[in-house]
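Chemist: So I've got this file, input_33.pdb, and it contains PDB, C-alpha atoms and all ligand atoms:
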```pdb
MODEL        1
ATOM      1  CA  MET A   1      63.152 103.786  89.762
ATOM      2  CA  LYS A   2      65.158 101.106  91.522
ATOM      3  CA  ARG A   3      68.209 102.231  93.434
ATOM      4  CA  ILE A   4      71.569 100.552  92.938
ATOM      5  CA  LEU A   5      74.518 101.001  95.250
ATOM      6  CA  THR A   6      77.946  99.513  95.079
ATOM      7  CA  GLY A   7      81.296 100.296  96.625
ATOM      8  CA  ILE A   8      84.774 100.139  95.179
ATOM      9  CA  LYS A   9      87.762 100.125  97.489
ATOM     10  CA  PRO A  10      90.530 102.548  96.521
ATOM     11  CA  THR A  11      93.403 100.183  97.158
ATOM     12  CA  GLY A  12      94.959 100.031  93.714
ATOM     13  CA  LYS A  13      94.449 100.680  90.055
ATOM     14  CA  ILE A  14      91.465  99.354  88.115
ATOM     15  CA  HIS A  15      92.235  96.090  86.347
ATOM     16  CA  LEU A  16      90.542  94.047  83.689
ATOM     17  CA  GLY A  17      88.830  91.792  86.248
ATOM     18  CA  ASN A  18      87.274  94.810  88.025
ATOM     19  CA  TYR A  19      86.245  96.270  84.719
ATOM     20  CA  PHE A  20      84.304  93.299  83.410
ATOM     21  CA  ALA A  21      82.889  92.241  86.787
ATOM     22  CA  VAL A  22      81.640  95.598  88.037
ATOM     23  CA  VAL A  23      82.367  98.675  85.898
ATOM     24  CA  LYS A  24      80.920  97.264  82.679
ATOM     25  CA  GLU A  25      77.761  96.253  84.539
ATOM     26  CA  LEU A  26      77.411  99.769  85.890
ATOM     27  CA  LEU A  27      77.664 101.194  82.388
ATOM     28  CA  GLU A  28      74.471  99.316  81.544
ATOM     29  CA  MET A  29      72.790  99.975  84.851
ATOM     30  CA  GLN A  30      73.320 103.727  84.746
ATOM     31  CA  ASN A  31      70.774 103.951  81.937
ATOM     32  CA  LYS A  32      68.113 102.010  83.791
ATOM     33  CA  TYR A  33      68.477 102.730  87.478
ATOM     34  CA  GLU A  34      69.415 105.352  89.985
ATOM     35  CA  VAL A  35      73.043 104.468  90.707
ATOM     36  CA  PHE A  36      75.090 105.404  93.775
ATOM     37  CA  LEU A  37      78.724 104.546  93.335
ATOM     38  CA  MET A  38      80.668 104.773  96.549
ATOM     39  CA  ILE A  39      84.417 105.059  96.875
ATOM     40  CA  ALA A  40      84.912 102.869  99.942
ATOM     41  CA  ASP A  41      87.812 104.773 101.451
ATOM     42  CA  LEU A  42      86.950 103.768 105.016
ATOM     43  CA  HIS A  43      87.112 100.139 103.967
ATOM     44  CA  ALA A  44      90.472 100.796 102.324
ATOM     45  CA  GLN A  45      91.826 101.805 105.727
ATOM     46  CA  THR A  46      91.417  98.298 107.098
ATOM     47  CA  ILE A  47      94.762  97.357 105.572
ATOM     48  CA  PRO A  48      97.966  99.311 106.329
ATOM     49  CA  TYR A  49      98.288 102.273 103.975
ATOM     50  CA  PHE A  50     100.066 105.583 103.388
ATOM     51  CA  PRO A  51      97.770 108.629 103.643
ATOM     52  CA  GLN A  52      99.199 110.480 100.628
ATOM     53  CA  GLU A  53      98.996 107.365  98.540
ATOM     54  CA  LEU A  54      95.360 106.775  99.471
ATOM     55  CA  LYS A  55      94.526 110.292  98.411
ATOM     56  CA  GLN A  56      96.135 109.782  94.999
ATOM     57  CA  THR A  57      94.505 106.386  94.598
ATOM     58  CA  ILE A  58      91.098 107.965  95.154
ATOM     59  CA  TYR A  59      91.732 110.596  92.477
ATOM     60  CA  ASP A  60      92.996 107.946  90.134
ATOM     61  CA  LEU A  61      90.027 105.661  90.747
ATOM     62  CA  VAL A  62      87.401 108.340  90.150
ATOM     63  CA  LYS A  63      89.188 109.509  87.000
ATOM     64  CA  SER A  64      89.369 105.950  85.754
ATOM     65  CA  LEU A  65      85.669 105.349  86.356
ATOM     66  CA  ILE A  66      84.711 108.492  84.496
ATOM     67  CA  ALA A  67      87.104 107.782  81.633
ATOM     68  CA  LEU A  68      85.647 104.295  81.314
ATOM     69  CA  GLY A  69      82.191 105.722  80.780
ATOM     70  CA  ILE A  70      80.534 106.275  84.153
ATOM     71  CA  ASN A  71      78.396 109.313  83.492
ATOM     72  CA  THR A  72      78.379 111.650  86.481
ATOM     73  CA  LYS A  73      75.143 113.212  85.299
ATOM     74  CA  LYS A  74      73.445 109.881  85.878
ATOM     75  CA  VAL A  75      75.575 108.254  88.554
ATOM     76  CA  THR A  76      76.338 109.807  91.898
ATOM     77  CA  ILE A  77      79.956 109.021  92.702
ATOM     78  CA  PHE A  78      80.647 109.824  96.321
ATOM     79  CA  LYS A  79      83.255 109.176  98.959
ATOM     80  CA  GLN A  80      82.226 107.101 101.956
ATOM     81  CA  SER A  81      84.214 109.247 104.394
ATOM     82  CA  ASP A  82      82.272 112.341 103.282
ATOM     83  CA  ILE A  83      79.088 110.919 104.796
ATOM     84  CA  PRO A  84      79.315 110.691 108.610
ATOM     85  CA  ALA A  85      75.931 108.958 108.885
ATOM     86  CA  HIS A  86      77.516 105.706 107.657
ATOM     87  CA  LEU A  87      79.506 105.516 110.874
ATOM     88  CA  TYR A  88      76.499 106.079 113.099
ATOM     89  CA  LEU A  89      74.536 103.332 111.453
ATOM     90  CA  PHE A  90      77.625 101.127 111.454
ATOM     91  CA  TRP A  91      77.868 101.454 115.214
ATOM     92  CA  PHE A  92      74.201 100.636 115.712
ATOM     93  CA  LEU A  93      74.629  97.554 113.566
ATOM     94  CA  THR A  94      77.623  96.325 115.578
ATOM     95  CA  THR A  95      75.340  96.116 118.597
ATOM     96  CA  ILE A  96      73.198  93.477 116.909
ATOM     97  CA  SER A  97      76.052  91.595 115.158
ATOM     98  CA  TYR A  98      77.543  88.431 116.651
ATOM     99  CA  MET A  99      81.235  87.653 116.983
ATOM    100  CA  GLY A 100      80.498  84.147 115.677
ATOM    101  CA  GLU A 101      78.971  85.174 112.384
ATOM    102  CA  LEU A 102      81.653  87.783 111.699
ATOM    103  CA  SER A 103      84.391  85.230 112.447
ATOM    104  CA  ARG A 104      82.950  82.968 109.777
ATOM    105  CA  MET A 105      83.537  85.408 106.910
ATOM    106  CA  HIS A 106      86.014  83.999 104.366
ATOM    107  CA  GLU A 107      87.790  87.299 103.949
ATOM    108  CA  PHE A 108      88.305  87.632 107.693
ATOM    109  CA  LYS A 109      89.557  84.062 107.961
ATOM    110  CA  GLU A 110      91.989  84.571 105.087
ATOM    111  CA  GLN A 111      93.373  87.764 106.541
ATOM    112  CA  ARG A 112      93.647  86.225 109.988
ATOM    113  CA  GLU A 113      95.929  83.564 108.506
ATOM    114  CA  LYS A 114      98.074  86.312 107.060
ATOM    115  CA  TYR A 115      98.316  88.485 110.162
ATOM    116  CA  GLY A 116      98.027  85.821 112.830
ATOM    117  CA  LYS A 117      95.230  85.547 115.380
ATOM    118  CA  GLU A 118      96.379  88.388 117.603
ATOM    119  CA  GLY A 119      97.627  90.669 114.864
ATOM    120  CA  ILE A 120      94.517  90.965 112.753
ATOM    121  CA  GLY A 121      92.893  94.397 112.820
ATOM    122  CA  VAL A 122      89.425  94.821 114.289
ATOM    123  CA  GLY A 123      88.542  96.848 111.198
ATOM    124  CA  ILE A 124      88.767  93.740 109.039
ATOM    125  CA  PHE A 125      86.534  91.911 111.488
ATOM    126  CA  LEU A 126      83.894  94.628 111.348
ATOM    127  CA  TYR A 127      84.224  95.213 107.629
ATOM    128  CA  PRO A 128      80.909  93.598 106.576
ATOM    129  CA  VAL A 129      79.005  95.531 109.239
ATOM    130  CA  LEU A 130      80.162  98.802 107.717
ATOM    131  CA  MET A 131      79.168  97.483 104.311
ATOM    132  CA  THR A 132      75.691  96.824 105.653
ATOM    133  CA  ALA A 133      75.460 100.407 106.851
ATOM    134  CA  ASP A 134      76.621 101.668 103.432
ATOM    135  CA  ILE A 135      73.869  99.760 101.736
ATOM    136  CA  ILE A 136      70.795 100.055 103.910
ATOM    137  CA  LEU A 137      71.232 103.713 104.797
ATOM    138  CA  TYR A 138      69.937 104.420 101.284
ATOM    139  CA  ASN A 139      67.260 101.748 101.157
ATOM    140  CA  THR A 140      69.165 100.220  98.277
ATOM    141  CA  ASP A 141      67.252  97.788  96.068
ATOM    142  CA  ILE A 142      70.115  96.038  94.313
ATOM    143  CA  VAL A 143      73.839  95.658  95.059
ATOM    144  CA  PRO A 144      76.010  94.508  92.159
ATOM    145  CA  VAL A 145      79.252  92.917  93.337
ATOM    146  CA  GLY A 146      81.859  90.350  92.371
ATOM    147  CA  GLU A 147      81.549  86.806  93.661
ATOM    148  CA  ASP A 148      84.068  87.460  96.462
ATOM    149  CA  GLN A 149      81.594  89.785  98.174
ATOM    150  CA  ARG A 150      78.648  87.389  98.125
ATOM    151  CA  GLN A 151      79.096  86.195 101.704
ATOM    152  CA  HIS A 152      79.319  89.749 103.027
ATOM    153  CA  LEU A 153      76.083  90.599 101.309
ATOM    154  CA  GLU A 154      74.325  87.542 102.629
ATOM    155  CA  LEU A 155      75.325  88.675 106.094
ATOM    156  CA  CYS A 156      74.103  92.159 105.244
ATOM    157  CA  ARG A 157      70.653  90.771 104.421
ATOM    158  CA  GLU A 158      70.618  88.850 107.696
ATOM    159  CA  LEU A 159      71.658  91.870 109.773
ATOM    160  CA  THR A 160      69.064  94.029 108.055
ATOM    161  CA  LYS A 161      66.275  91.628 108.912
ATOM    162  CA  ARG A 162      67.493  91.452 112.504
ATOM    163  CA  PHE A 163      67.683  95.213 112.785
ATOM    164  CA  ASN A 164      64.187  95.631 111.361
ATOM    165  CA  ASN A 165      62.833  93.126 113.888
ATOM    166  CA  ARG A 166      64.635  94.604 116.826
ATOM    167  CA  PHE A 167      63.935  98.279 116.212
ATOM    168  CA  LYS A 168      60.800  98.127 114.052
ATOM    169  CA  THR A 169      62.594  99.847 111.226
ATOM    170  CA  ASN A 170      61.655  99.278 107.648
ATOM    171  CA  PHE A 171      64.939  98.909 105.761
ATOM    172  CA  LYS A 172      64.711  97.205 102.405
ATOM    173  CA  ILE A 173      66.423  93.834 102.268
ATOM    174  CA  PRO A 174      68.864  94.411  99.404
ATOM    175  CA  GLU A 175      69.047  92.060  96.471
ATOM    176  CA  ILE A 176      72.481  90.732  95.541
ATOM    177  CA  TYR A 177      73.342  91.005  91.877
ATOM    178  CA  LEU A 178      76.155  88.770  90.711
ATOM    179  CA  ASN A 179      76.902  88.587  87.067
ATOM    180  CA  PRO A 180      77.701  84.894  86.765
ATOM    181  CA  GLU A 181      79.668  85.222  83.571
ATOM    182  CA  THR A 182      81.826  88.271  83.787
ATOM    183  CA  ALA A 183      83.155  87.708  87.280
ATOM    184  CA  LYS A 184      85.571  85.133  85.969
ATOM    185  CA  ILE A 185      88.693  86.762  84.627
ATOM    186  CA  MET A 186      91.616  84.856  86.050
ATOM    187  CA  SER A 187      95.231  85.781  86.753
ATOM    188  CA  LEU A 188      97.526  85.623  83.725
ATOM    189  CA  GLN A 189     100.165  83.999  85.898
ATOM    190  CA  ASP A 190      97.973  81.530  87.750
ATOM    191  CA  PRO A 191      94.731  80.891  85.866
ATOM    192  CA  THR A 192      93.244  78.978  88.796
ATOM    193  CA  LYS A 193      93.080  82.234  90.799
ATOM    194  CA  LYS A 194      91.031  85.336  90.116
ATOM    195  CA  MET A 195      92.837  88.272  88.553
ATOM    196  CA  SER A 196      93.768  90.483  91.487
ATOM    197  CA  LYS A 197      96.162  93.158  92.614
ATOM    198  CA  SER A 198      97.718  90.696  95.039
ATOM    199  CA  ASN A 199      99.364  88.948  92.082
ATOM    200  CA  PRO A 200     100.689  91.899  90.057
ATOM    201  CA  GLY A 201     102.306  89.820  87.304
ATOM    202  CA  GLY A 202      98.981  88.292  86.383
ATOM    203  CA  CYS A 203      96.959  91.465  86.668
ATOM    204  CA  LEU A 204      96.274  93.773  83.718
ATOM    205  CA  GLU A 205      95.774  97.312  84.939
ATOM    206  CA  ILE A 206      93.737  99.141  82.356
ATOM    207  CA  PHE A 207      95.693 102.390  82.466
ATOM    208  CA  ASP A 208      99.150 100.874  82.816
ATOM    209  CA  SER A 209     101.780 101.623  80.150
ATOM    210  CA  LEU A 210     101.151  99.722  76.920
ATOM    211  CA  LYS A 211     104.647  98.311  77.151
ATOM    212  CA  LYS A 212     103.869  96.685  80.515
ATOM    213  CA  ILE A 213     100.528  95.415  79.322
ATOM    214  CA  LYS A 214     102.069  93.825  76.259
ATOM    215  CA  GLU A 215     104.775  92.256  78.366
ATOM    216  CA  LYS A 216     102.259  90.749  80.789
ATOM    217  CA  ILE A 217     100.092  89.353  78.015
ATOM    218  CA  LEU A 218     103.065  87.836  76.211
ATOM    219  CA  LYS A 219     104.321  86.293  79.446
ATOM    220  CA  SER A 220     100.962  84.820  80.424
ATOM    221  CA  VAL A 221     100.917  81.166  81.355
ATOM    222  CA  THR A 222      99.576  78.745  78.738
ATOM    223  CA  ASP A 223     100.345  75.035  78.278
ATOM    224  CA  SER A 224     102.672  72.819  76.291
ATOM    225  CA  GLU A 225     100.158  72.150  73.539
ATOM    226  CA  LYS A 226      99.543  74.221  70.446
ATOM    227  CA  GLU A 227      95.828  74.376  70.054
ATOM    228  CA  ILE A 228      93.675  77.387  70.853
ATOM    229  CA  LYS A 229      90.656  75.650  72.267
ATOM    230  CA  TYR A 230      88.245  76.524  75.071
ATOM    231  CA  ASP A 231      88.761  73.915  77.766
ATOM    232  CA  PRO A 232      88.962  75.540  81.226
ATOM    233  CA  ILE A 233      89.794  72.260  82.997
ATOM    234  CA  ASN A 234      92.702  71.100  80.866
ATOM    235  CA  LYS A 235      93.742  74.411  79.337
ATOM    236  CA  PRO A 236      92.979  77.039  81.993
ATOM    237  CA  GLY A 237      95.559  79.554  80.704
ATOM    238  CA  ILE A 238      94.447  79.550  77.085
ATOM    239  CA  SER A 239      90.782  79.440  78.109
ATOM    240  CA  ASN A 240      91.259  82.502  80.280
ATOM    241  CA  LEU A 241      92.954  84.343  77.420
ATOM    242  CA  MET A 242      90.029  83.348  75.213
ATOM    243  CA  THR A 243      87.588  84.755  77.754
ATOM    244  CA  ILE A 244      89.496  88.023  77.793
ATOM    245  CA  PHE A 245      89.550  88.129  73.995
ATOM    246  CA  LYS A 246      85.843  87.311  73.914
ATOM    247  CA  TYR A 247      84.963  90.272  76.110
ATOM    248  CA  LEU A 248      87.256  92.602  74.207
ATOM    249  CA  THR A 249      85.940  91.648  70.786
ATOM    250  CA  GLN A 250      82.426  90.269  71.405
ATOM    251  CA  LYS A 251      83.380  87.110  69.548
ATOM    252  CA  SER A 252      82.173  83.700  70.722
ATOM    253  CA  TYR A 253      84.564  80.925  71.799
ATOM    254  CA  LEU A 254      83.776  79.057  68.603
ATOM    255  CA  GLU A 255      84.563  82.052  66.465
ATOM    256  CA  ILE A 256      87.834  82.538  68.310
ATOM    257  CA  GLU A 257      88.783  78.889  67.815
ATOM    258  CA  GLU A 258      88.020  79.216  64.137
ATOM    259  CA  LEU A 259      89.935  82.468  63.799
ATOM    260  CA  PHE A 260      93.085  81.076  65.418
ATOM    261  CA  LYS A 261      93.145  77.636  63.884
ATOM    262  CA  ASN A 262      96.748  76.898  62.940
ATOM    263  CA  LYS A 263      97.946  80.099  64.624
ATOM    264  CA  SER A 264     100.489  80.077  67.425
ATOM    265  CA  TYR A 265      99.918  81.107  71.036
ATOM    266  CA  TYR A 266     102.281  83.992  70.379
ATOM    267  CA  GLU A 267     100.141  85.275  67.502
ATOM    268  CA  PHE A 268      97.034  84.920  69.642
ATOM    269  CA  LYS A 269      98.644  86.910  72.457
ATOM    270  CA  LEU A 270      99.610  89.687  70.063
ATOM    271  CA  GLU A 271      96.010  89.890  68.897
ATOM    272  CA  ILE A 272      94.819  90.117  72.490
ATOM    273  CA  PHE A 273      97.161  93.013  73.054
ATOM    274  CA  LYS A 274      95.839  94.726  69.927
ATOM    275  CA  ALA A 275      92.237  94.175  71.002
ATOM    276  CA  PHE A 276      93.024  95.543  74.459
ATOM    277  CA  THR A 277      94.622  98.663  73.009
ATOM    278  CA  LYS A 278      91.680  99.283  70.737
ATOM    279  CA  TYR A 279      89.049  98.655  73.414
ATOM    280  CA  PHE A 280      90.541 101.059  75.927
ATOM    281  CA  SER A 281      92.192 103.667  73.712
ATOM    282  CA  ARG A 282      89.407 106.201  74.109
ATOM    283  CA  ALA A 283      89.280 105.819  77.880
ATOM    284  CA  ARG A 284      93.040 106.203  78.110
ATOM    285  CA  LYS A 285      92.896 109.485  76.235
ATOM    286  CA  ILE A 286      90.002 110.838  78.277
ATOM    287  CA  LYS A 287      91.609 109.978  81.596
ATOM    288  CA  GLN A 288      94.660 112.107  80.921
ATOM    289  CA  LYS A 289      92.499 115.157  80.502
ATOM    290  CA  ILE A 290      90.682 114.958  83.833
ATOM    291  CA  SER A 291      92.184 117.134  86.551
ATOM    292  CA  ASN A 292      92.197 116.580  90.301
ATOM    293  CA  LYS A 293      90.284 119.800  90.627
ATOM    294  CA  LYS A 294      87.450 118.442  88.553
ATOM    295  CA  ILE A 295      87.280 115.354  90.765
ATOM    296  CA  ASP A 296      87.193 117.561  93.876
ATOM    297  CA  LEU A 297      84.210 119.409  92.445
ATOM    298  CA  ILE A 298      82.343 116.240  91.543
ATOM    299  CA  LEU A 299      82.873 114.705  94.974
ATOM    300  CA  LYS A 300      81.931 117.879  96.766
ATOM    301  CA  LYS A 301      78.680 118.171  94.882
ATOM    302  CA  SER A 302      77.705 114.556  95.426
ATOM    303  CA  ALA A 303      78.627 114.691  99.116
ATOM    304  CA  LYS A 304      76.150 117.519  99.512
ATOM    305  CA  LYS A 305      73.377 115.615  97.791
ATOM    306  CA  ILE A 306      74.071 112.298  99.529
ATOM    307  CA  ASN A 307      74.405 113.849 102.986
ATOM    308  CA  ILE A 308      70.887 115.223 102.689
ATOM    309  CA  ILE A 309      69.473 111.761 101.957
ATOM    310  CA  ALA A 310      71.661 110.052 104.553
ATOM    311  CA  ASN A 311      70.921 112.508 107.344
ATOM    312  CA  ARG A 312      67.203 112.355 106.764
ATOM    313  CA  ASN A 313      67.300 108.584 107.098
ATOM    314  CA  LEU A 314      69.627 108.741 110.082
ATOM    315  CA  ASP A 315      67.181 111.029 111.836
ATOM    316  CA  ASN A 316      64.441 108.429 111.501
ATOM    317  CA  ILE A 317      66.751 105.694 112.736
ATOM    318  CA  LEU A 318      67.761 107.721 115.791
ATOM    319  CA  LYS A 319      64.096 108.146 116.662
ATOM    320  CA  LYS A 320      63.340 104.441 116.272
ATOM    321  CA  MET A 321      66.282 103.598 118.529
ATOM    322  CA  GLY A 322      65.273 105.867 121.380
ATOM    323  CA  LEU A 323      68.134 108.286 120.831
ATOM    324  CA  LYS A 324      66.015 111.175 119.688
TER     325      LYS A 324
HETATM  326  N1  LIG A 401      83.860  95.481 100.317
HETATM  327  C1  LIG A 401      83.688  95.810  98.934
HETATM  328  C2  LIG A 401      84.864  95.252  98.131
HETATM  329  O1  LIG A 401      85.895  95.017  98.686
HETATM  330  C3  LIG A 401      83.544  97.281  98.743
HETATM  331  C4  LIG A 401      82.321  97.810  99.410
HETATM  332  C5  LIG A 401      82.258  98.583 100.527
HETATM  333  C6  LIG A 401      80.983  97.593  98.999
HETATM  334  N2  LIG A 401      80.965  98.892 100.823
HETATM  335  C7  LIG A 401      80.160  98.320  99.913
HETATM  336  C8  LIG A 401      80.392  96.906  97.934
HETATM  337  C9  LIG A 401      78.773  98.307  99.800
HETATM  338  C10 LIG A 401      79.021  96.915  97.829
HETATM  339  C11 LIG A 401      78.209  97.611  98.755
HETATM  340  O2  LIG A 401      84.739  95.055  96.963
ENDMDL
END
```
Just give me the structure as structure tokens.
Ligand code: TRP
Modeler:
Amino acid sequence: MKRILTGIKPTGKIHLGNYFAVVKELLEMQNKYEVFLMIADLHAQTIPYFPQELKQTIYDLVKSLIALGINTKKVTIFKQSDIPAHLYLFWFLTTISYMGELSRMHEFKEQREKYGKEGIGVGIFLYPVLMTADIILYNTDIVPVGEDQRQHLELCRELTKRFNNRFKTNFKIPEIYLNPETAKIMSLQDPTKKMSKSNPGGCLEIFDSLKKIKEKILKSVTDSEKEIKYDPINKPGISNLMTIFKYLTQKSYLEIEELFKNKSYYEFKLEIFKAFTKYFSRARKIKQKISNKKIDLILKKSAKKINIIANRNLDNILKKMGLK
């Protein structure tokens, strides 16, 4: 059976964009593949954070994933920081990575703008090298990610080939899996940008209060026309709302246009809110019932299982590298 691995950074609450780009994909994949789902807490540390908050965010993230349908009998959800072997392999990989190629990563360049050349953390610079370690330590076949991670994964493939050549290892070169369609949920406030936590007003967190969700949907940016028509170039706001409605109801764009002929944007937005409530109502109920203690148990059990696999592979790597 093919092995899938992906990582989710615990830096905020799960939003609609995350859900349709990654979580929904995993719900399908868990029935077909062996899935390792990693909570990338070490990656989350690359931006300033509060320790107690990180801890709560991790609980919240794992609960959300389970409530949304990730089946822990099929999927191994584990915490990156529970597996020390990642950091060994990460270090080895830094020794064959070039400053030039890491400096060319979009995410690094963006962050460098924000922090200034001197102020940017080295962790952000090395971020894709740690990702490579996460992936190849398990001989992962396929890595499903959102479009924003494509460049990191291309680098990962490059580093893996280089490592194999240099140390005569036999790591699989992981395949990148991008779902071309679902990665495209845009911000409700600025439909030219992807929905993201960095623009809270335009971001629908799945487990937020219904009042807030309704408010955000009703306030979403549209245009000065009246027609509900799919036209991402001229009507990016309405088109984005249509995409959201399409995923929530499994209706096609044409069906949606038909359904809302002669209806106002306001009526359409109310229907989106209703569809959202219906789609996630079960998950919202389940999430409330999951305790922190249950999450502790799940993570403890998976750490045990994953450490066995990781340490076995690390042992082989150490031998190949002349360290053992
Ligand atoms: N960097 C990824 C993100 O921000 C998270 C991540 C960490 C990841 N390690 C990974 C994704 C390994 C895929 C594979 O979304």
Chemist: Tell me which of A:His43, A:Lys117, A:Lys63, A:Lys161 sits closest to ligand LIG 401 (chain A), counting only C-alpha atoms and all ligand atoms.
Modeler: A:His43
Chemist: Show me which residues line ligand LIG 401 (chain A), defined as having an atom within 10 Å of a ligand atom where all atoms listed in the file count, and present them as a PyMOL selection string.
Modeler: chain A and resi 4-11+18+22+36-44+80+107+127-136+140+142-150+152-153+156+174+176
Chemist: Kindly resolve the PyMOL selection byres (((chain A and resi 78) around 10) and not hetatm) on the present coordinates and return the residues as a PyMOL selection string.
Modeler: chain A and resi 7+36-40+62+75-77+79-83+298-307
Chemist: For this file, the PyMOL selection byres (((chain A and resi 260) around 12) and not hetatm) selects which residues, as a list in words?
Modeler: Lys226, Glu227, Ile228, Lys229, Tyr230, Ile238, Met242, Phe245, Tyr253, Leu254, Glu255, Ile256, Glu257, Glu258, Leu259, Lys261, Asn262, Lys263, Ser264, Tyr265, Tyr266, Glu267, Phe268, Lys269, Leu270, Glu271 and Ile272 of chain A
Chemist: Can you list what the PyMOL selection byres (((chain A and resi 197) around 10) and not hetatm) grabs from this structure, as a PDB file with C-alpha atoms, keeping the file's coordinate frame?
Modeler:
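Contents of out05.pdb, freshly written:
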```pdb
ATOM      1  CA  THR A  11      93.403 100.183  97.158  1.00  0.00           C
ATOM      2  CA  GLY A  12      94.959 100.031  93.714  1.00  0.00           C
ATOM      3  CA  LYS A  13      94.449 100.680  90.055  1.00  0.00           C
ATOM      4  CA  ILE A  14      91.465  99.354  88.115  1.00  0.00           C
ATOM      5  CA  HIS A  15      92.235  96.090  86.347  1.00  0.00           C
ATOM      6  CA  GLY A  17      88.830  91.792  86.248  1.00  0.00           C
ATOM      7  CA  SER A 187      95.231  85.781  86.753  1.00  0.00           C
ATOM      8  CA  LYS A 194      91.031  85.336  90.116  1.00  0.00           C
ATOM      9  CA  MET A 195      92.837  88.272  88.553  1.00  0.00           C
ATOM     10  CA  SER A 196      93.768  90.483  91.487  1.00  0.00           C
ATOM     11  CA  SER A 198      97.718  90.696  95.039  1.00  0.00           C
ATOM     12  CA  ASN A 199      99.364  88.948  92.082  1.00  0.00           C
ATOM     13  CA  PRO A 200     100.689  91.899  90.057  1.00  0.00           C
ATOM     14  CA  GLY A 201     102.306  89.820  87.304  1.00  0.00           C
ATOM     15  CA  GLY A 202      98.981  88.292  86.383  1.00  0.00           C
ATOM     16  CA  CYS A 203      96.959  91.465  86.668  1.00  0.00           C
ATOM     17  CA  LEU A 204      96.274  93.773  83.718  1.00  0.00           C
ATOM     18  CA  GLU A 205      95.774  97.312  84.939  1.00  0.00           C
TER      19      GLU A 205
END
```
Chemist: Which residue, A:Gly322, A:Lys114, A:Ile213, A:Glu154, has the smallest gap to Ala275 in chain A when you use only C-alpha atoms?
Modeler: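 The shortest atom-to-atom distance to Ala275 in chain A comes from A:Ile213.
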Chemist: Draw an axis-aligned box tight on the listed atoms of range 271-280 of chain A, then pad every side by 3 Å and write out centre and edge lengths in Å to one decimal as AutoDock Vina command-line options.
Modeler:
```
--center_x 93.1 --center_y 95.5 --center_z 72.4 --size_x 14.1 --size_y 17.2 --size_z 13.0
```
Chemist: By how many Å are CA of Leu318 in chain A and CA of Leu89 in chain A apart?
Modeler: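 Rounded to one decimal, the two atoms are 9.2 Å apart.
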Chemist: What gap, in Å, lies between CA of Gln288 in chain A and CA of Asn71 in chain A?
Modeler: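 It comes out at 16.7 Å.
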Chemist: How far is it from CA of Tyr138 in chain A to CA of Lys55 in chain A, in Å with one decimal?
Modeler: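 Distance between the two atoms: 25.4 Å.
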